[in-house]
Structures are given as structure tokens and as C-alpha cells.
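Student: Sharing structure-v4.txt below, compact mmCIF, C-alpha atoms:
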# COMPACT_ATOMS: atom_id res chain seq x y z
CA MET A 1 20.61 14.52 -10.50
CA LYS A 2 18.54 15.74 -13.43
CA LYS A 3 18.70 13.18 -16.25
CA ILE A 4 17.63 9.64 -15.32
CA ALA A 5 18.10 6.90 -17.91
CA ILE A 6 15.72 3.92 -18.00
CA PHE A 7 16.60 0.46 -19.28
CA ALA A 8 14.31 -2.56 -18.99
CA LYS A 9 13.83 -6.17 -19.94
CA VAL A 10 11.74 -5.03 -22.88
CA HIS A 11 9.79 -8.23 -23.55
CA ASP A 12 8.50 -8.42 -19.98
CA PRO A 13 5.08 -6.68 -19.78
CA ARG A 14 5.64 -5.96 -16.07
CA CYS A 15 8.80 -4.01 -16.87
CA GLN A 16 6.98 -2.04 -19.53
CA ASP A 17 4.19 -1.11 -17.11
CA VAL A 18 6.65 -0.03 -14.43
CA ALA A 19 8.64 1.97 -16.99
CA ILE A 20 5.54 3.93 -18.01
CA GLU A 21 4.77 4.76 -14.36
CA LEU A 22 8.40 5.68 -13.73
CA ILE A 23 8.49 8.09 -16.67
CA LYS A 24 5.42 9.90 -15.33
CA TRP A 25 6.91 10.01 -11.81
CA LEU A 26 10.18 11.49 -13.05
CA GLU A 27 8.43 14.09 -15.16
CA GLY A 28 6.28 15.02 -12.17
CA LYS A 29 9.50 15.73 -10.26
CA GLY A 30 10.75 18.00 -13.03
CA LEU A 31 13.37 15.46 -14.10
CA ILE A 32 14.31 14.34 -17.61
CA PRO A 33 13.71 10.63 -18.33
CA LEU A 34 16.12 9.20 -20.89
CA VAL A 35 14.28 6.14 -22.18
CA GLU A 36 16.58 3.69 -23.94
CA ALA A 37 15.60 3.60 -27.62
CA HIS A 38 14.69 -0.10 -27.79
CA LEU A 39 12.46 0.23 -24.73
CA SER A 40 10.96 3.44 -26.10
CA ARG A 41 9.77 1.65 -29.23
CA HIS A 42 7.97 -0.94 -27.10
CA LEU A 43 6.31 1.80 -25.08
CA SER A 44 5.47 3.94 -28.12
CA CYS A 45 6.67 7.03 -26.26
CA ARG A 46 8.47 10.10 -27.54
CA GLU A 47 11.20 10.18 -24.91
CA ARG A 48 14.14 8.19 -26.18
CA ALA A 49 17.92 8.09 -26.15
CA GLU A 50 20.29 5.85 -28.05
CA SER A 51 22.10 3.35 -25.82
CA ALA A 52 25.56 4.56 -26.83
CA GLU A 53 24.69 8.16 -25.89
CA ILE A 54 23.26 7.47 -22.44
CA PRO A 55 26.52 7.01 -20.45
CA ASP A 56 27.69 10.47 -21.52
CA ILE A 57 24.53 12.36 -20.60
CA ALA A 58 22.80 10.46 -17.76
CA ASP A 59 23.25 11.31 -14.08
CA MET A 60 21.87 7.92 -13.02
CA VAL A 61 20.58 4.75 -14.67
CA VAL A 62 17.54 2.77 -13.52
CA VAL A 63 17.42 -0.86 -14.71
CA LEU A 64 14.10 -2.73 -14.58
CA GLY A 65 14.58 -6.49 -14.84
CA GLY A 66 17.03 -9.03 -13.51
CA ASP A 67 20.76 -9.41 -13.05
CA GLY A 68 21.30 -10.18 -16.74
CA THR A 69 19.80 -6.87 -17.83
CA LEU A 70 21.88 -4.99 -15.27
CA ILE A 71 25.10 -6.73 -16.33
CA SER A 72 24.57 -5.67 -19.95
CA VAL A 73 23.99 -2.07 -18.82
CA ALA A 74 27.13 -2.18 -16.66
CA ARG A 75 29.19 -3.04 -19.75
CA LEU A 76 27.53 -0.19 -21.64
CA VAL A 77 28.19 2.37 -18.89
CA GLY A 78 31.79 1.18 -18.77
CA ASP A 79 34.25 3.84 -17.73
CA ARG A 80 31.63 6.55 -17.08
CA GLU A 81 30.92 5.17 -13.57
CA VAL A 82 27.31 6.41 -13.62
CA PRO A 83 25.41 5.00 -10.60
CA ILE A 84 23.06 2.16 -11.51
CA LEU A 85 19.88 1.40 -9.57
CA GLY A 86 18.76 -2.15 -10.34
CA VAL A 87 15.13 -3.09 -9.67
CA ASN A 88 14.20 -6.76 -9.67
CA LEU A 89 10.58 -7.45 -10.54
CA GLY A 90 10.89 -11.18 -9.94
CA SER A 91 12.93 -13.07 -7.37
CA LEU A 92 15.71 -11.29 -5.50
CA GLY A 93 18.88 -10.82 -7.55
CA PHE A 94 22.52 -10.74 -6.49
CA LEU A 95 22.83 -7.36 -8.22
CA THR A 96 19.25 -6.14 -8.62
CA GLU A 97 18.40 -6.32 -4.93
CA ILE A 98 15.94 -3.39 -4.83
CA THR A 99 12.31 -4.48 -4.98
CA LEU A 100 9.49 -2.67 -6.76
CA ASP A 101 8.14 -1.46 -3.40
CA GLU A 102 11.52 0.13 -2.69
CA LEU A 103 11.87 1.81 -6.10
CA TYR A 104 10.42 5.24 -5.40
CA PRO A 105 11.75 5.60 -1.83
CA ALA A 106 15.18 4.64 -3.21
CA LEU A 107 14.87 7.22 -5.98
CA GLU A 108 13.88 9.90 -3.46
CA ARG A 109 17.04 9.15 -1.46
CA CYS A 110 19.18 9.25 -4.60
CA LEU A 111 17.77 12.63 -5.58
CA SER A 112 18.58 13.99 -2.13
CA GLY A 113 22.07 12.50 -2.21
CA ASP A 114 21.32 10.06 0.62
CA TYR A 115 22.17 6.72 -0.96
CA ARG A 116 24.70 3.93 -0.57
CA VAL A 117 26.85 2.76 -3.47
CA SER A 118 28.73 -0.53 -3.87
CA GLU A 119 31.69 -0.16 -6.22
CA ARG A 120 32.30 -3.36 -8.18
CA MET A 121 35.50 -4.32 -9.94
CA MET A 122 35.35 -4.89 -13.68
CA LEU A 123 37.69 -6.83 -15.96
CA ARG A 124 39.37 -5.83 -19.20
CA ALA A 125 39.60 -8.79 -21.56
CA ALA A 126 41.59 -8.52 -24.78
CA VAL A 127 42.03 -11.15 -27.49
CA GLU A 128 45.24 -11.23 -29.52
CA ARG A 129 45.63 -13.16 -32.76
CA ASP A 130 48.92 -13.31 -34.67
CA GLY A 131 50.35 -10.64 -32.36
CA ARG A 132 47.50 -8.17 -32.96
CA GLU A 133 44.67 -7.23 -30.62
CA ILE A 134 41.40 -8.05 -32.41
CA GLN A 135 38.85 -7.51 -29.64
CA CYS A 136 38.69 -5.83 -26.24
CA HIS A 137 35.82 -5.76 -23.76
CA GLN A 138 35.02 -4.67 -20.20
CA VAL A 139 32.99 -7.14 -18.17
CA LEU A 140 31.42 -7.17 -14.73
CA ASN A 141 31.09 -10.88 -13.98
CA ASP A 142 33.45 -13.18 -15.83
CA VAL A 143 35.53 -14.14 -18.80
CA VAL A 144 34.92 -17.75 -19.84
CA ILE A 145 36.84 -19.94 -22.28
CA ASN A 146 34.94 -23.14 -23.03
CA LYS A 147 34.83 -25.91 -25.58
CA GLY A 148 32.01 -26.75 -27.94
CA ALA A 149 29.54 -29.53 -27.23
CA LEU A 150 31.38 -32.20 -29.23
CA ALA A 151 34.96 -31.00 -28.72
CA ARG A 152 37.51 -32.87 -26.61
CA ILE A 153 39.18 -31.27 -23.59
CA VAL A 154 41.27 -28.22 -24.45
CA ASP A 155 44.77 -27.15 -23.44
CA LEU A 156 44.91 -23.66 -21.92
CA GLU A 157 48.39 -22.42 -21.02
CA THR A 158 47.91 -19.94 -18.17
CA THR A 159 50.31 -17.43 -16.66
CA VAL A 160 49.89 -14.92 -13.83
CA ASP A 161 52.09 -11.81 -14.04
CA GLY A 162 54.31 -13.65 -16.49
CA SER A 163 54.82 -16.66 -14.21
CA TRP A 164 53.56 -19.96 -15.59
CA LEU A 165 50.66 -21.26 -13.49
CA THR A 166 49.84 -24.43 -15.41
CA THR A 167 48.41 -25.69 -18.68
CA PHE A 168 44.86 -26.61 -17.83
CA LYS A 169 43.51 -29.67 -19.59
CA SER A 170 39.82 -29.11 -19.07
CA ASP A 171 36.47 -28.24 -20.59
CA GLY A 172 37.38 -24.60 -20.11
CA LEU A 173 38.42 -21.86 -17.72
CA ILE A 174 36.60 -19.09 -15.86
CA ILE A 175 38.24 -15.84 -14.74
CA SER A 176 35.81 -13.94 -12.54
CA THR A 177 35.51 -10.85 -10.39
CA PRO A 178 34.24 -11.10 -6.81
CA THR A 179 30.84 -10.07 -8.20
CA GLY A 180 30.98 -12.92 -10.70
CA SER A 181 32.09 -15.45 -8.08
CA THR A 182 28.43 -16.32 -7.38
CA GLY A 183 27.78 -17.08 -11.07
CA TYR A 184 29.34 -19.68 -13.35
CA SER A 185 32.45 -19.89 -11.18
CA LEU A 186 30.38 -21.00 -8.19
CA ALA A 187 28.65 -23.68 -10.27
CA ALA A 188 32.10 -24.95 -11.35
CA GLY A 189 33.25 -25.27 -7.73
CA GLY A 190 34.76 -21.84 -7.17
CA PRO A 191 34.61 -19.92 -3.88
CA ILE A 192 32.17 -17.18 -2.92
CA ILE A 193 34.10 -13.90 -2.71
CA HIS A 194 32.67 -10.84 -0.94
CA PRO A 195 32.26 -8.10 -3.60
CA ALA A 196 34.20 -5.57 -1.49
CA LEU A 197 37.43 -7.59 -1.87
CA ASP A 198 40.00 -6.85 -4.57
CA CYS A 199 40.92 -10.16 -6.16
CA LEU A 200 40.37 -12.39 -9.17
CA VAL A 201 39.27 -16.03 -9.25
CA ILE A 202 40.62 -18.56 -11.76
CA THR A 203 38.34 -21.61 -11.91
CA PRO A 204 38.91 -24.57 -14.25
CA ILE A 205 35.82 -26.25 -15.72
CA CYS A 206 35.88 -30.03 -15.25
CA PRO A 207 39.71 -30.30 -15.18
CA HIS A 208 41.26 -33.57 -16.34
CA THR A 209 43.70 -33.34 -13.41
CA LEU A 210 41.63 -33.47 -10.24
CA THR A 211 44.25 -31.54 -8.27
CA ASN A 212 43.61 -28.48 -10.46
CA ARG A 213 41.52 -26.36 -8.11
CA PRO A 214 40.21 -22.77 -8.22
CA ILE A 215 42.80 -20.21 -7.22
CA VAL A 216 42.37 -16.64 -5.96
CA VAL A 217 44.97 -14.09 -7.10
CA ASP A 218 45.61 -10.42 -6.44
CA ALA A 219 43.34 -7.94 -8.20
CA GLY A 220 46.32 -6.29 -9.83
CA ALA A 221 47.46 -9.51 -11.48
CA SER A 222 47.68 -9.85 -15.25
CA ILE A 223 46.34 -13.22 -16.40
CA THR A 224 47.27 -14.57 -19.82
CA VAL A 225 45.66 -17.66 -21.35
CA THR A 226 46.94 -19.14 -24.61
CA LEU A 227 44.85 -21.67 -26.51
CA LYS A 228 47.18 -24.56 -27.32
CA SER A 229 44.61 -26.96 -28.73
CA ASP A 230 44.16 -27.31 -32.48
CA LYS A 231 41.08 -28.45 -34.44
CA GLU A 232 38.73 -27.97 -31.50
CA ASP A 233 35.66 -25.75 -31.17
CA VAL A 234 36.57 -23.25 -28.44
CA PHE A 235 34.71 -20.07 -27.56
CA LEU A 236 35.25 -16.96 -25.46
CA THR A 237 32.17 -15.73 -23.60
CA LEU A 238 31.98 -12.43 -21.73
CA ASP A 239 29.43 -12.10 -18.92
CA GLY A 240 27.54 -14.95 -20.61
CA GLN A 241 26.22 -12.44 -23.16
CA VAL A 242 28.93 -11.62 -25.71
CA GLY A 243 31.14 -14.17 -27.39
CA MET A 244 33.48 -15.14 -30.19
CA GLU A 245 35.11 -18.26 -31.58
CA LEU A 246 38.78 -18.75 -30.77
CA LYS A 247 41.54 -20.24 -32.90
CA ALA A 248 44.65 -22.17 -31.91
CA GLY A 249 47.34 -19.77 -30.73
CA ASP A 250 44.92 -17.04 -29.66
CA VAL A 251 45.98 -15.20 -26.51
CA ILE A 252 43.45 -13.87 -24.00
CA ARG A 253 44.77 -11.22 -21.62
CA VAL A 254 42.66 -10.40 -18.58
CA ARG A 255 43.31 -7.76 -15.96
CA ARG A 256 41.41 -5.41 -13.68
CA ALA A 257 39.74 -2.58 -15.58
CA GLU A 258 40.57 0.98 -14.61
CA HIS A 259 36.97 1.82 -13.78
CA ARG A 260 34.29 0.26 -11.60
CA THR A 261 30.56 -0.30 -11.77
CA ARG A 262 28.69 1.73 -9.13
CA LEU A 263 25.55 -0.03 -7.87
CA VAL A 264 22.97 1.73 -5.71
CA MET A 265 22.24 -0.64 -2.83
CA SER A 266 19.10 -1.37 -0.85
CA ARG A 267 18.99 -0.06 2.71
CA SER A 268 16.72 -2.89 3.85
CA LYS A 269 19.09 -5.81 3.20
CA ASP A 270 22.80 -6.60 3.17
CA TYR A 271 25.00 -8.89 1.08
CA PHE A 272 24.73 -11.83 3.48
CA GLU A 273 20.95 -11.64 3.47
CA VAL A 274 21.04 -11.78 -0.32
CA LEU A 275 23.32 -14.84 -0.15
CA ARG A 276 21.05 -16.61 2.32
CA THR A 277 17.99 -15.90 0.23
CA LYS A 278 19.41 -16.75 -3.20
CA LEU A 279 21.27 -19.88 -2.09
CA LYS A 280 18.47 -20.95 0.27
CA TRP A 281 20.82 -21.36 3.22
CA GLY A 282 19.11 -22.58 6.39
CA GLU A 283 16.09 -23.97 4.55
CA ARG A 284 17.23 -27.59 4.76
Render the structure in this file as C-alpha cells.

Tutor:
Amino acid sequence: MKKIAIFAKVHDPRCQDVAIELIKWLEGKGLIPLVEAHLSRHLSCRERAESAEIPDIADMVVVLGGDGTLISVARLVGDREVPILGVNLGSLGFLTEITLDELYPALERCLSGDYRVSERMMLRAAVERDGREIQCHQVLNDVVINKGALARIVDLETTVDGSWLTTFKSDGLIISTPTGSTGYSLAAGGPIIHPALDCLVITPICPHTLTNRPIVVDAGASITVTLKSDKEDVFLTLDGQVGMELKAGDVIRVRRAEHRTRLVMSRSKDYFEVLRTKLKWGER
């Protein structure tokens, strides 16, 4: 590894301070820091690289911040499968599980090739309108269809591999990866799925029919959702960060992406420890 990209939660002074120290550390090792351009402007430093260029030239990406920052970087890296080392400067994250104290020892292991990677499934979500694909995105966590604040329940005709599942009458629908199962899907009553499993979770949001429950399907399944409601405010949200307004008749097609996100994992904790800590199991 020679070129190490740095992303950070730019408005957090702690992240800025750590980024400055990290740049000096990398340069002291004879490495090339690729400081994301937006972060570079906050640090007033010369080293910078445009976000769109980084996946093609970086050997590894270091993310300083929380899970939200890492998720946005995962979408940017996309099909390049560059390993991402997420450092959480606050409370422990589901994805950014490496602490600040572990940062430099973890980097040393990465440089020597002695590191553990967790490969996480991503989703490809495409929106079709009038028979034409108008948007396509790769996401790490989830694809969410939800109604506006004042809209009534919406009708979402859902098929799996061409077989009709049901038409959900609900406030919305979540299609998540195992990684995203501990996010919005969990809050809506979905199951916790170990990230090593290959599957997708379909979770209705406040369904009108109480027997509509979350369902787990094969990772290779193709899920199609057609918006049947008219004159309602309905939105598509990707990883909780990118969105668009939907129209009646729009078709959302979701399937497993061809590439995966590669996360560098901490050696001092495992997935179940993260679950216990984040969900406060055993504290009551």
C-alpha cells in the first residue's frame, strides 16, 4: 500500500485534528496521503484529491467519523472494492468499530498485509419511469420507500423473482442488506442478520395489515416494487443520504450488486461484542 486516502466528518474539529496528525504520520512512513478535497479545504493543506478520483488511485481509504460518513464513502468506492478502515471518534459504531487508540496499530498491520477484512454485500437500486431507467445507485445499508408526513398509506406492489409477494398497504417499505439490518429495518421490527450471511430483508413500515411481517429472501433474488398509489407524496431514500420523489407507476428494482464493500475490522472486538455494546444488551 502506497496511496492512502483520507475522508472525515469535516465539521467535527476532532476529525480535523486527527486528520492533520494522520497526514504527518503517513508522510513520515514515506506514503502518499490523498486528502479528500472538501476535507483539504478545511485543513488548508496542499494535499488534496477529488472524491471521484480517489477510488481509482487509492490503495486504502481511512474514514474519520461515524457510520454515516463511512456509508457515504462506501457508495463512492463502489465497484473498486478498495479496503476501508473506519475510525469512530465518538461512541462505537456498527461499521466504524476501530477506536482512535487502535488507528495507528491498525494502519501498521494494514501496511504489512496483516489485517482482517469483512466483505459486505451492496445493493443495486434502479428506478424506472415510463419504461426507462432514470436513476441507478449502489447502496450499503438499505433502499427505503416512504410516504410524506401528511400522505395517507401507500400501495406498493412487490414481487420477488417475478412472483407476486403482496401489495403492501403501509407507510413504506425497507429493503436492506445484512449490514443494514441493524438500521432502519431494525427500528421497523426487522430481524438482526449477521453481516456474513447472503440474504436480503424486506420490512414493511407500519403495515395496515398486521400479518404483513418482515421476510428474508435469498441474496440472489430480484425484488421489484411498483408504486400503485396516486396523488401521494412518496420518496425513495438510499442509505438515508440520497433521495428522490417518486410518481405513481414508478418501478424500483433492487438486487445484489456485483461488488462488495471491504471493511478493515478491529482485532480487539467481534460482531457480537459490537451488538452487545450498541444495543446495550445485558445492562437491564

Student: Using all atoms listed in the file, determine which residues lie at most 10 Å from A:Met121, disregarding the query and same-chain residues fewer than 6 positions distant; provide the list as an MDAnalysis selection string.

Tutor: chainID A and resid 139:141 176:180 195:200 219 256:262

Student: List every protein, DNA or RNA residue with an atom no more than 7 Å from (23.3, 8.6, -17.8) in the file's coordinates, counting all atoms listed in the file, and format the result as JSON, numbers by chain.

Tutor: {"A": [3, 4, 5, 54, 55, 56, 57, 58, 59, 60, 61, 82]}

Student: Using all atoms listed in the file, which protein or nucleic acid residues come within 12 Å of A:Glu21? Drop anything in the same chain fewer than 3 positions from it, and give the result as a ChimeraX atom specification.

Tutor: /A:6,14-18,24-28,33,43,64,100,103-104

Student: Rounded to one decimal in Å, what is the spacing between atom CA of A:Ala19 and atom CA of A:Glu108?

Tutor: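 Going from atom CA of A:Ala19 over to atom CA of A:Glu108, I get 16.5 Å.
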
Student: Quick check, in Å to one decimal: how far apart do atom CA of A:Thr203 and atom CA of A:Gly189 lie?

Tutor: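 Atom CA of A:Thr203 sits 7.5 Å away from atom CA of A:Gly189.
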
Student: Please check which residues have atoms at most 12 Å from (24.3, -0.9, -27.6) in the file's coordinates, counting only C-alpha atoms, and write them as a PyMOL selection string.

Tutor: chain A and resi 7+36-38+49-55+72-78+242

Student: Given all atoms listed in the file as the basis, pick out the residue of A:Asp171, A:Glu273, A:Glu128, A:Glu47 nearest to A:Val144.

Tutor: A:Asp171

Student: With all atoms listed in the file as the basis for distance, which of A:Val154, A:Leu34, A:Ala188, A:Ala221 is at the shortest distance from A:Ala248?

Tutor: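 So, comparing all the options, the nearest one is A:Val154.
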
Student: Can you tell me, as a ChimeraX atom specification, what residues are no more than 12 Å from A:Leu92 when counting only C-alpha atoms, ignoring any on the same chain fewer than 6 positions away?

Tutor: /A:65-67,86,98-100,266,269,271,273-280

Student: May I ask for the distance between atom CA of A:Pro214 and atom CA of A:Ile202, given in Å to one decimal place?

Tutor: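 For atom CA of A:Pro214 relative to atom CA of A:Ile202, the distance reads 5.5 Å.
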
Student: Quick one: residues within 9 Å of A:Thr224, only C-alpha atoms, excluding same-chain residues fewer than 6 positions away - as a PyMOL selection string?

Tutor: chain A and resi 157-162+251-255

Student: Can you take the partial stretch 176-205 of chain A, add N, CA and C atoms, and return it as a short mmCIF file (atom, residue, chain, number, x, y, z; two decimals), in the frame of the given file?

Tutor:
data_model
loop_
_atom_site.label_atom_id
_atom_site.label_comp_id
_atom_site.auth_asym_id
_atom_site.auth_seq_id
_atom_site.Cartn_x
_atom_site.Cartn_y
_atom_site.Cartn_z
N SER A 176 36.95 -14.73 -13.01
CA SER A 176 35.81 -13.94 -12.54
C SER A 176 36.23 -12.88 -11.53
N THR A 177 35.40 -11.86 -11.43
CA THR A 177 35.51 -10.85 -10.39
C THR A 177 34.84 -11.39 -9.13
N PRO A 178 35.01 -10.71 -7.98
CA PRO A 178 34.24 -11.10 -6.81
C PRO A 178 32.73 -11.07 -7.07
N THR A 179 32.25 -10.10 -7.84
CA THR A 179 30.84 -10.07 -8.20
C THR A 179 30.44 -11.31 -8.96
N GLY A 180 31.28 -11.74 -9.89
CA GLY A 180 30.98 -12.92 -10.70
C GLY A 180 31.23 -14.24 -10.00
N SER A 181 31.78 -14.19 -8.78
CA SER A 181 32.09 -15.45 -8.08
C SER A 181 30.84 -16.24 -7.74
N THR A 182 29.68 -15.60 -7.69
CA THR A 182 28.43 -16.32 -7.38
C THR A 182 27.71 -16.76 -8.65
N GLY A 183 28.38 -16.67 -9.81
CA GLY A 183 27.78 -17.08 -11.07
C GLY A 183 28.33 -18.42 -11.53
N TYR A 184 28.84 -18.45 -12.75
CA TYR A 184 29.34 -19.68 -13.35
C TYR A 184 30.48 -20.27 -12.52
N SER A 185 31.32 -19.41 -11.98
CA SER A 185 32.45 -19.89 -11.18
C SER A 185 31.97 -20.72 -9.99
N LEU A 186 30.93 -20.27 -9.33
CA LEU A 186 30.38 -21.00 -8.19
C LEU A 186 29.87 -22.37 -8.63
N ALA A 187 29.18 -22.41 -9.76
CA ALA A 187 28.65 -23.68 -10.27
C ALA A 187 29.78 -24.65 -10.63
N ALA A 188 30.95 -24.10 -10.98
CA ALA A 188 32.10 -24.95 -11.35
C ALA A 188 32.96 -25.29 -10.14
N GLY A 189 32.52 -24.92 -8.94
CA GLY A 189 33.25 -25.27 -7.73
C GLY A 189 34.11 -24.17 -7.16
N GLY A 190 33.97 -22.96 -7.67
CA GLY A 190 34.76 -21.84 -7.17
C GLY A 190 34.23 -21.29 -5.87
N PRO A 191 35.01 -20.47 -5.17
CA PRO A 191 34.61 -19.92 -3.88
C PRO A 191 33.70 -18.71 -4.03
N ILE A 192 32.93 -18.41 -2.98
CA ILE A 192 32.17 -17.18 -2.92
C ILE A 192 33.09 -16.09 -2.37
N ILE A 193 33.22 -15.00 -3.10
CA ILE A 193 34.10 -13.90 -2.71
C ILE A 193 33.24 -12.67 -2.42
N HIS A 194 33.43 -12.06 -1.26
CA HIS A 194 32.67 -10.84 -0.94
C HIS A 194 33.01 -9.77 -1.98
N PRO A 195 32.01 -9.07 -2.51
CA PRO A 195 32.26 -8.10 -3.60
C PRO A 195 33.14 -6.92 -3.22
N ALA A 196 33.35 -6.68 -1.91
CA ALA A 196 34.20 -5.57 -1.49
C ALA A 196 35.69 -5.90 -1.61
N LEU A 197 36.02 -7.18 -1.79
CA LEU A 197 37.43 -7.59 -1.87
C LEU A 197 37.99 -7.31 -3.25
N ASP A 198 39.30 -7.07 -3.31
CA ASP A 198 40.00 -6.85 -4.57
C ASP A 198 40.80 -8.10 -4.90
N CYS A 199 40.23 -8.94 -5.76
CA CYS A 199 40.92 -10.16 -6.16
C CYS A 199 40.26 -10.71 -7.41
N LEU A 200 40.91 -11.70 -8.01
CA LEU A 200 40.37 -12.39 -9.17
C LEU A 200 40.35 -13.88 -8.87
N VAL A 201 39.40 -14.59 -9.46
CA VAL A 201 39.27 -16.03 -9.25
C VAL A 201 39.47 -16.75 -10.57
N ILE A 202 40.39 -17.73 -10.58
CA ILE A 202 40.62 -18.56 -11.76
C ILE A 202 40.05 -19.95 -11.45
N THR A 203 39.03 -20.35 -12.19
CA THR A 203 38.34 -21.61 -11.91
C THR A 203 38.33 -22.49 -13.15
N PRO A 204 38.98 -23.66 -13.11
CA PRO A 204 38.91 -24.57 -14.25
C PRO A 204 37.55 -25.26 -14.31
N ILE A 205 37.09 -25.55 -15.52
CA ILE A 205 35.82 -26.25 -15.72
C ILE A 205 36.11 -27.72 -16.00
#
